[in-house]
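Undergrad: Attaching a single structure in structure tokens format; questions to follow.
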Amino acid sequence: QVQLVESGGGSVQAGGSLRLSCAVSGYTYSPRCLGWFRQGPGKEREGVASVYTGAGSTYYADSVKGRFTISQDNAKNTLFLQMNSLKPEDTAMYYCAAGDVPRSIWTVYWASHEWYNSWGQGTQVTVSS
């Protein structure tokens, strides 16, 4: 079972930046895909960004394109989410997730939480105006 531990959340003013980290461990074979999801108050969990680990391919939600960057440090088994130009609507609990679906599935369903089978506990991001 893959274990995921997020860190790096906090409170910032609009326009600020945060970098989230996710330590990935407990696997025999590296997860095929890693992603960041978020869930704001009263909202459904939504996909923010995802990476197919072998190819390095990435996808982003339209709402964060150009502001957020997902990256991985394979040597340190860590996933990152660099968040710039933060907005109040980015306020949410952010979760790291791991999945093992074929790339053809991931390409279509990368933002669907149902395709990820391991989750971290989350880290809170609060952006004030």
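Note on naming: chains are A, B, ... as they come in the structure tokens, residues start from 1 per chain, ligands start from 1 in the order shown.
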Tell me, counting only C-alpha atoms, for each residue of region 80-120 of chain A within 10 Å of region 46-62 of chain A, which pair of atoms is nearest and how far apart they are in Å to one decimal, in rows ordered by chain and increasing number, as CSV.

TA:
```
residue,atom,partner,partner_atom,distance
A:Leu81,CA,A:Ala49,CA,8.3
A:Tyr94,CA,A:Val48,CA,9.0
A:Tyr95,CA,A:Gly47,CA,9.4
A:Cys96,CA,A:Ser50,CA,9.6
A:Ala97,CA,A:Ser50,CA,9.0
A:Ala98,CA,A:Ser50,CA,9.4
A:Gly99,CA,A:Tyr52,CA,9.4
A:Asp100,CA,A:Tyr52,CA,9.5
A:Val101,CA,A:Tyr52,CA,9.6
A:Pro102,CA,A:Tyr52,CA,9.4
A:Arg103,CA,A:Tyr52,CA,7.3
A:Trp106,CA,A:Tyr52,CA,7.8
A:Thr107,CA,A:Tyr59,CA,8.3
A:Tyr109,CA,A:Gly47,CA,9.7
A:Trp110,CA,A:Ser50,CA,6.5
A:Ala111,CA,A:Gly47,CA,4.2
A:Ser112,CA,A:Gly47,CA,6.6
A:His113,CA,A:Gly47,CA,7.1
```

Undergrad: Can I get the selection written as a compact mmCIF listing (two decimals), in the first residue's frame, with all heavy atoms?

TA:
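What landed in result_32.txt:
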```
# COMPACT_ATOMS: atom_id res chain seq x y z
N LEU A 81 3.91 20.60 -5.67
CA LEU A 81 2.97 21.48 -6.36
C LEU A 81 3.36 22.91 -6.02
O LEU A 81 3.16 23.36 -4.89
CB LEU A 81 1.52 21.22 -5.96
CG LEU A 81 0.49 22.04 -6.74
CD1 LEU A 81 0.44 21.58 -8.20
CD2 LEU A 81 -0.91 21.91 -6.11
N TYR A 94 -5.79 20.37 0.33
CA TYR A 94 -5.11 19.80 -0.83
C TYR A 94 -4.62 18.40 -0.49
O TYR A 94 -3.98 18.19 0.56
CB TYR A 94 -3.94 20.68 -1.25
CG TYR A 94 -4.38 21.90 -2.02
CD1 TYR A 94 -5.05 22.94 -1.38
CD2 TYR A 94 -4.17 22.01 -3.39
CE1 TYR A 94 -5.48 24.06 -2.07
CE2 TYR A 94 -4.59 23.12 -4.10
CZ TYR A 94 -5.25 24.13 -3.44
OH TYR A 94 -5.68 25.24 -4.15
N TYR A 95 -4.92 17.47 -1.39
CA TYR A 95 -4.58 16.07 -1.19
C TYR A 95 -3.66 15.58 -2.29
O TYR A 95 -3.83 15.92 -3.47
CB TYR A 95 -5.84 15.20 -1.20
CG TYR A 95 -6.83 15.51 -0.13
CD1 TYR A 95 -7.85 16.43 -0.34
CD2 TYR A 95 -6.76 14.88 1.11
CE1 TYR A 95 -8.78 16.73 0.65
CE2 TYR A 95 -7.69 15.16 2.11
CZ TYR A 95 -8.69 16.08 1.87
OH TYR A 95 -9.59 16.36 2.86
N CYS A 96 -2.73 14.73 -1.91
CA CYS A 96 -1.87 14.02 -2.84
C CYS A 96 -2.48 12.64 -3.05
O CYS A 96 -3.00 12.03 -2.10
CB CYS A 96 -0.48 13.92 -2.23
SG CYS A 96 0.71 13.01 -3.19
N ALA A 97 -2.42 12.13 -4.27
CA ALA A 97 -3.01 10.84 -4.58
C ALA A 97 -2.13 10.06 -5.55
O ALA A 97 -1.42 10.66 -6.36
CB ALA A 97 -4.41 11.01 -5.17
N ALA A 98 -2.21 8.75 -5.46
CA ALA A 98 -1.45 7.86 -6.35
C ALA A 98 -2.37 6.86 -7.00
O ALA A 98 -3.32 6.38 -6.38
CB ALA A 98 -0.37 7.14 -5.56
N GLY A 99 -2.12 6.58 -8.25
CA GLY A 99 -2.92 5.62 -9.00
C GLY A 99 -2.04 4.74 -9.85
O GLY A 99 -0.85 5.00 -10.03
N ASP A 100 -2.67 3.71 -10.42
CA ASP A 100 -1.90 2.75 -11.20
C ASP A 100 -2.63 2.36 -12.47
O ASP A 100 -2.60 1.20 -12.88
CB ASP A 100 -1.61 1.52 -10.34
CG ASP A 100 -0.40 0.75 -10.84
OD1 ASP A 100 0.52 1.38 -11.39
OD2 ASP A 100 -0.37 -0.48 -10.69
N VAL A 101 -3.26 3.33 -13.12
CA VAL A 101 -4.02 3.04 -14.32
C VAL A 101 -3.15 3.18 -15.55
O VAL A 101 -2.15 3.90 -15.54
CB VAL A 101 -5.24 3.98 -14.43
CG1 VAL A 101 -6.18 3.77 -13.25
CG2 VAL A 101 -4.79 5.43 -14.50
N PRO A 102 -3.52 2.51 -16.65
CA PRO A 102 -2.78 2.69 -17.90
C PRO A 102 -2.86 4.13 -18.38
O PRO A 102 -3.81 4.85 -18.06
CB PRO A 102 -3.51 1.74 -18.87
CG PRO A 102 -4.19 0.76 -18.00
CD PRO A 102 -4.56 1.49 -16.75
N ARG A 103 -1.87 4.50 -19.16
CA ARG A 103 -1.81 5.89 -19.61
C ARG A 103 -3.04 6.29 -20.41
O ARG A 103 -3.50 7.43 -20.34
CB ARG A 103 -0.54 6.11 -20.43
CG ARG A 103 -0.28 7.57 -20.76
CD ARG A 103 1.06 7.74 -21.42
NE ARG A 103 1.32 9.14 -21.73
CZ ARG A 103 2.43 9.59 -22.30
NH1 ARG A 103 3.39 8.72 -22.61
NH2 ARG A 103 2.59 10.86 -22.55
N TRP A 106 -5.57 7.26 -17.90
CA TRP A 106 -5.16 8.49 -17.19
C TRP A 106 -5.35 9.72 -18.05
O TRP A 106 -5.78 10.76 -17.56
CB TRP A 106 -3.70 8.36 -16.77
CG TRP A 106 -3.12 9.60 -16.19
CD1 TRP A 106 -3.25 10.06 -14.92
CD2 TRP A 106 -2.28 10.54 -16.87
NE1 TRP A 106 -2.56 11.24 -14.76
CE2 TRP A 106 -1.95 11.56 -15.94
CE3 TRP A 106 -1.77 10.63 -18.17
CZ2 TRP A 106 -1.13 12.64 -16.27
CZ3 TRP A 106 -0.96 11.70 -18.49
CH2 TRP A 106 -0.65 12.69 -17.55
N THR A 107 -5.06 9.62 -19.33
CA THR A 107 -5.19 10.76 -20.23
C THR A 107 -6.60 11.33 -20.22
O THR A 107 -6.80 12.54 -20.31
CB THR A 107 -4.81 10.34 -21.67
OG1 THR A 107 -3.44 9.92 -21.67
CG2 THR A 107 -4.97 11.50 -22.63
N TYR A 109 -9.07 10.41 -17.73
CA TYR A 109 -9.67 10.49 -16.39
C TYR A 109 -8.73 10.97 -15.31
O TYR A 109 -8.96 10.74 -14.13
CB TYR A 109 -10.21 9.11 -16.00
CG TYR A 109 -11.33 8.65 -16.89
CD1 TYR A 109 -11.12 7.62 -17.83
CD2 TYR A 109 -12.60 9.22 -16.81
CE1 TYR A 109 -12.14 7.19 -18.66
CE2 TYR A 109 -13.62 8.79 -17.64
CZ TYR A 109 -13.39 7.78 -18.56
OH TYR A 109 -14.41 7.36 -19.37
N TRP A 110 -7.67 11.70 -15.66
CA TRP A 110 -6.67 12.12 -14.68
C TRP A 110 -7.29 12.91 -13.54
O TRP A 110 -6.78 12.89 -12.43
CB TRP A 110 -5.57 12.95 -15.34
CG TRP A 110 -6.03 14.31 -15.75
CD1 TRP A 110 -6.52 14.68 -16.98
CD2 TRP A 110 -6.05 15.48 -14.95
NE1 TRP A 110 -6.85 16.01 -16.98
CE2 TRP A 110 -6.56 16.53 -15.75
CE3 TRP A 110 -5.68 15.78 -13.64
CZ2 TRP A 110 -6.71 17.83 -15.27
CZ3 TRP A 110 -5.82 17.07 -13.16
CH2 TRP A 110 -6.34 18.08 -13.97
N ALA A 111 -8.35 13.65 -13.77
CA ALA A 111 -8.95 14.50 -12.74
C ALA A 111 -10.05 13.79 -11.95
O ALA A 111 -10.68 14.41 -11.08
CB ALA A 111 -9.52 15.76 -13.38
N SER A 112 -10.29 12.54 -12.24
CA SER A 112 -11.36 11.81 -11.53
C SER A 112 -10.76 11.05 -10.36
O SER A 112 -9.95 10.14 -10.55
CB SER A 112 -12.03 10.83 -12.50
OG SER A 112 -12.63 11.51 -13.58
N HIS A 113 -11.20 11.41 -9.15
CA HIS A 113 -10.57 10.82 -7.96
C HIS A 113 -10.81 9.31 -7.87
O HIS A 113 -10.07 8.61 -7.19
CB HIS A 113 -11.07 11.52 -6.70
CG HIS A 113 -12.55 11.39 -6.46
ND1 HIS A 113 -13.11 10.31 -5.83
CD2 HIS A 113 -13.56 12.22 -6.76
CE1 HIS A 113 -14.42 10.49 -5.75
NE2 HIS A 113 -14.71 11.64 -6.31
```

Undergrad: Taking the DSSP assignment computed from this structure's backbone, write out as a PyMOL selection string all residues of chain A that belong to alpha helix (DSSP H).

TA: chain A and resi 103-109

Undergrad: Would you mind exporting all heavy atoms of the selected residues as an mmCIF file, in the first residue's frame?

TA:
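Result file is selection28.cif:
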```
data_model
loop_
_atom_site.group_PDB
_atom_site.id
_atom_site.type_symbol
_atom_site.label_atom_id
_atom_site.label_comp_id
_atom_site.auth_asym_id
_atom_site.auth_seq_id
_atom_site.Cartn_x
_atom_site.Cartn_y
_atom_site.Cartn_z
ATOM 1 N N ARG A 103 -1.872 4.504 -19.156
ATOM 2 C CA ARG A 103 -1.806 5.892 -19.607
ATOM 3 C C ARG A 103 -3.036 6.289 -20.413
ATOM 4 O O ARG A 103 -3.496 7.432 -20.338
ATOM 5 C CB ARG A 103 -0.536 6.111 -20.429
ATOM 6 C CG ARG A 103 -0.278 7.567 -20.761
ATOM 7 C CD ARG A 103 1.057 7.741 -21.416
ATOM 8 N NE ARG A 103 1.317 9.144 -21.732
ATOM 9 C CZ ARG A 103 2.435 9.586 -22.301
ATOM 10 N NH1 ARG A 103 3.389 8.722 -22.608
ATOM 11 N NH2 ARG A 103 2.590 10.859 -22.547
ATOM 12 N N SER A 104 -3.577 5.361 -21.190
ATOM 13 C CA SER A 104 -4.760 5.682 -22.000
ATOM 14 C C SER A 104 -5.945 6.058 -21.121
ATOM 15 O O SER A 104 -6.761 6.906 -21.504
ATOM 16 C CB SER A 104 -5.121 4.494 -22.895
ATOM 17 O OG SER A 104 -5.359 3.336 -22.108
ATOM 18 N N ILE A 105 -6.049 5.449 -19.964
ATOM 19 C CA ILE A 105 -7.113 5.788 -19.011
ATOM 20 C C ILE A 105 -6.801 7.104 -18.335
ATOM 21 O O ILE A 105 -7.654 7.994 -18.191
ATOM 22 C CB ILE A 105 -7.279 4.675 -17.953
ATOM 23 C CG1 ILE A 105 -7.665 3.356 -18.615
ATOM 24 C CG2 ILE A 105 -8.307 5.090 -16.901
ATOM 25 C CD1 ILE A 105 -9.022 3.354 -19.266
ATOM 26 N N TRP A 106 -5.566 7.264 -17.900
ATOM 27 C CA TRP A 106 -5.161 8.489 -17.192
ATOM 28 C C TRP A 106 -5.347 9.725 -18.051
ATOM 29 O O TRP A 106 -5.777 10.765 -17.560
ATOM 30 C CB TRP A 106 -3.702 8.356 -16.770
ATOM 31 C CG TRP A 106 -3.117 9.598 -16.190
ATOM 32 C CD1 TRP A 106 -3.251 10.062 -14.915
ATOM 33 C CD2 TRP A 106 -2.276 10.541 -16.866
ATOM 34 N NE1 TRP A 106 -2.563 11.243 -14.759
ATOM 35 C CE2 TRP A 106 -1.945 11.556 -15.940
ATOM 36 C CE3 TRP A 106 -1.768 10.626 -18.171
ATOM 37 C CZ2 TRP A 106 -1.132 12.639 -16.268
ATOM 38 C CZ3 TRP A 106 -0.960 11.704 -18.493
ATOM 39 C CH2 TRP A 106 -0.645 12.693 -17.553
ATOM 40 N N THR A 107 -5.064 9.616 -19.335
ATOM 41 C CA THR A 107 -5.191 10.759 -20.232
ATOM 42 C C THR A 107 -6.603 11.328 -20.218
ATOM 43 O O THR A 107 -6.799 12.540 -20.305
ATOM 44 C CB THR A 107 -4.813 10.340 -21.666
ATOM 45 O OG1 THR A 107 -3.444 9.921 -21.670
ATOM 46 C CG2 THR A 107 -4.971 11.496 -22.635
ATOM 47 N N VAL A 108 -7.578 10.453 -20.080
ATOM 48 C CA VAL A 108 -8.975 10.885 -20.098
ATOM 49 C C VAL A 108 -9.483 11.211 -18.696
ATOM 50 O O VAL A 108 -10.205 12.187 -18.498
ATOM 51 C CB VAL A 108 -9.862 9.793 -20.733
ATOM 52 C CG1 VAL A 108 -11.330 10.217 -20.704
ATOM 53 C CG2 VAL A 108 -9.416 9.499 -22.161
ATOM 54 N N TYR A 109 -9.072 10.415 -17.735
ATOM 55 C CA TYR A 109 -9.668 10.489 -16.392
ATOM 56 C C TYR A 109 -8.726 10.972 -15.313
ATOM 57 O O TYR A 109 -8.960 10.739 -14.126
ATOM 58 C CB TYR A 109 -10.213 9.114 -16.002
ATOM 59 C CG TYR A 109 -11.331 8.646 -16.895
ATOM 60 C CD1 TYR A 109 -11.117 7.622 -17.831
ATOM 61 C CD2 TYR A 109 -12.595 9.218 -16.810
ATOM 62 C CE1 TYR A 109 -12.138 7.194 -18.659
ATOM 63 C CE2 TYR A 109 -13.623 8.787 -17.636
ATOM 64 C CZ TYR A 109 -13.385 7.781 -18.557
ATOM 65 O OH TYR A 109 -14.405 7.364 -19.369
#
```

Undergrad: Could you pull the residues within 10 Å of Cys22 (chain A), counting only C-alpha atoms, minus those fewer than 3 positions along the same chain, as a list in words?

TA: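 Once the adjacent positions are removed, what remains is Gln3, Leu4, Val5, Glu6, Ser7, Gly8, Ser25, Leu34, Gly35, Trp36, Gln72, Asn77, Thr78, Leu79, Phe80, Leu81, Tyr95, Cys96, Ala97, Gly120, Gly122 and Thr123 of chain A.
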
Undergrad: Any idea what the distance is between CA of Gly40 (chain A) and CA of Arg67 (chain A)?

TA: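 Between CA of Gly40 (chain A) and CA of Arg67 (chain A) the gap works out to 18.2 Å.
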
Undergrad: Apply DSSP to the backbone of this structure and, from chain A, keep only the residues in strand (DSSP E); write these as a PyMOL selection string.

TA: chain A and resi 3-7+10-13+18-25+33-39+46-52+57-60+68-73+78-83+92-99+118-119+123-128

Undergrad: Find the distance between CA of Pro41 (chain A) and CA of Val2 (chain A) and write it in Å to one decimal.

TA: 27.0 Å

Undergrad: Given only C-alpha atoms as the basis, pick out the residue of A:Trp119, A:Val125, A:Ser17, A:Met93 nearest to Arg38 (chain A).

TA: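 So, comparing all the options, the nearest one is A:Met93.
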
Undergrad: Taking only C-alpha atoms into account, name the residue in A:Ala75, A:Ala14, A:Val127, A:Val24 that is nearest to Gln1 (chain A).

TA: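 Among the listed residues, the smallest separation from Gln1 (chain A) belongs to A:Val24.
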
Undergrad: For Ser85 (chain A), list every protein, DNA or RNA residue within 12 Å, evaluated using only C-alpha atoms, and leave out those in the same chain fewer than 4 positions away; present the list as a PDB file with N, CA and C atoms, in the first residue's frame.

TA:
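Output file around-v3.pdb follows:
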```
ATOM      1  N   VAL A  12      -1.781  32.412   3.221  1.00  0.00           N
ATOM      2  CA  VAL A  12      -1.086  33.447   2.468  1.00  0.00           C
ATOM      3  C   VAL A  12      -2.100  34.461   1.968  1.00  0.00           C
ATOM      4  N   GLN A  13      -1.611  35.616   1.586  1.00  0.00           N
ATOM      5  CA  GLN A  13      -2.465  36.621   0.976  1.00  0.00           C
ATOM      6  C   GLN A  13      -2.550  36.369  -0.526  1.00  0.00           C
ATOM      7  N   ALA A  14      -3.608  36.874  -1.113  1.00  0.00           N
ATOM      8  CA  ALA A  14      -3.787  36.749  -2.552  1.00  0.00           C
ATOM      9  C   ALA A  14      -2.551  37.287  -3.279  1.00  0.00           C
ATOM     10  N   GLY A  15      -2.145  36.558  -4.305  1.00  0.00           N
ATOM     11  CA  GLY A  15      -0.942  36.915  -5.042  1.00  0.00           C
ATOM     12  C   GLY A  15       0.310  36.218  -4.548  1.00  0.00           C
ATOM     13  N   GLY A  16       0.212  35.593  -3.393  1.00  0.00           N
ATOM     14  CA  GLY A  16       1.365  34.911  -2.815  1.00  0.00           C
ATOM     15  C   GLY A  16       1.586  33.528  -3.405  1.00  0.00           C
ATOM     16  N   SER A  17       2.581  32.845  -2.857  1.00  0.00           N
ATOM     17  CA  SER A  17       2.976  31.528  -3.354  1.00  0.00           C
ATOM     18  C   SER A  17       3.130  30.537  -2.207  1.00  0.00           C
ATOM     19  N   LEU A  18       2.902  29.286  -2.527  1.00  0.00           N
ATOM     20  CA  LEU A  18       3.166  28.185  -1.613  1.00  0.00           C
ATOM     21  C   LEU A  18       3.689  27.014  -2.424  1.00  0.00           C
ATOM     22  N   ARG A  19       4.473  26.172  -1.778  1.00  0.00           N
ATOM     23  CA  ARG A  19       4.943  24.951  -2.424  1.00  0.00           C
ATOM     24  C   ARG A  19       4.545  23.771  -1.561  1.00  0.00           C
ATOM     25  N   SER A  63      -8.434  26.083 -14.216  1.00  0.00           N
ATOM     26  CA  SER A  63      -8.426  27.144 -13.213  1.00  0.00           C
ATOM     27  C   SER A  63      -7.034  27.428 -12.641  1.00  0.00           C
ATOM     28  N   VAL A  64      -6.088  26.504 -12.857  1.00  0.00           N
ATOM     29  CA  VAL A  64      -4.747  26.710 -12.285  1.00  0.00           C
ATOM     30  C   VAL A  64      -3.655  26.778 -13.336  1.00  0.00           C
ATOM     31  N   LYS A  65      -4.007  26.580 -14.598  1.00  0.00           N
ATOM     32  CA  LYS A  65      -2.994  26.622 -15.657  1.00  0.00           C
ATOM     33  C   LYS A  65      -2.265  27.953 -15.664  1.00  0.00           C
ATOM     34  N   GLY A  66      -0.954  27.877 -15.775  1.00  0.00           N
ATOM     35  CA  GLY A  66      -0.139  29.072 -15.788  1.00  0.00           C
ATOM     36  C   GLY A  66       0.222  29.583 -14.411  1.00  0.00           C
ATOM     37  N   ARG A  67      -0.417  29.036 -13.374  1.00  0.00           N
ATOM     38  CA  ARG A  67      -0.120  29.467 -12.000  1.00  0.00           C
ATOM     39  C   ARG A  67       0.488  28.341 -11.170  1.00  0.00           C
ATOM     40  N   PHE A  68       0.061  27.131 -11.399  1.00  0.00           N
ATOM     41  CA  PHE A  68       0.541  25.976 -10.631  1.00  0.00           C
ATOM     42  C   PHE A  68       1.440  25.108 -11.498  1.00  0.00           C
ATOM     43  N   THR A  69       2.425  24.479 -10.867  1.00  0.00           N
ATOM     44  CA  THR A  69       3.312  23.560 -11.560  1.00  0.00           C
ATOM     45  C   THR A  69       3.501  22.305 -10.721  1.00  0.00           C
ATOM     46  N   GLU A  89     -10.082  31.847  -4.147  1.00  0.00           N
ATOM     47  CA  GLU A  89     -10.805  30.642  -4.576  1.00  0.00           C
ATOM     48  C   GLU A  89      -9.929  29.390  -4.595  1.00  0.00           C
ATOM     49  N   ASP A  90      -8.626  29.550  -4.377  1.00  0.00           N
ATOM     50  CA  ASP A  90      -7.743  28.391  -4.246  1.00  0.00           C
ATOM     51  C   ASP A  90      -7.786  27.803  -2.840  1.00  0.00           C
ATOM     52  N   VAL A 127      -6.142  31.209   1.382  1.00  0.00           N
ATOM     53  CA  VAL A 127      -5.712  32.416   0.698  1.00  0.00           C
ATOM     54  C   VAL A 127      -6.686  33.537   1.039  1.00  0.00           C
ATOM     55  N   SER A 129      -7.952  37.600   0.900  1.00  0.00           N
ATOM     56  CA  SER A 129      -7.964  38.706  -0.077  1.00  0.00           C
ATOM     57  C   SER A 129      -7.415  39.979   0.535  1.00  0.00           C
TER      58      SER A 129
END
```

Undergrad: Could you check how far CA of Pro88 (chain A) sits from CA of Asp73 (chain A), in Å to one decimal?

TA: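 Spanning CA of Pro88 (chain A) to CA of Asp73 (chain A) is a straight-line distance of 28.6 Å.
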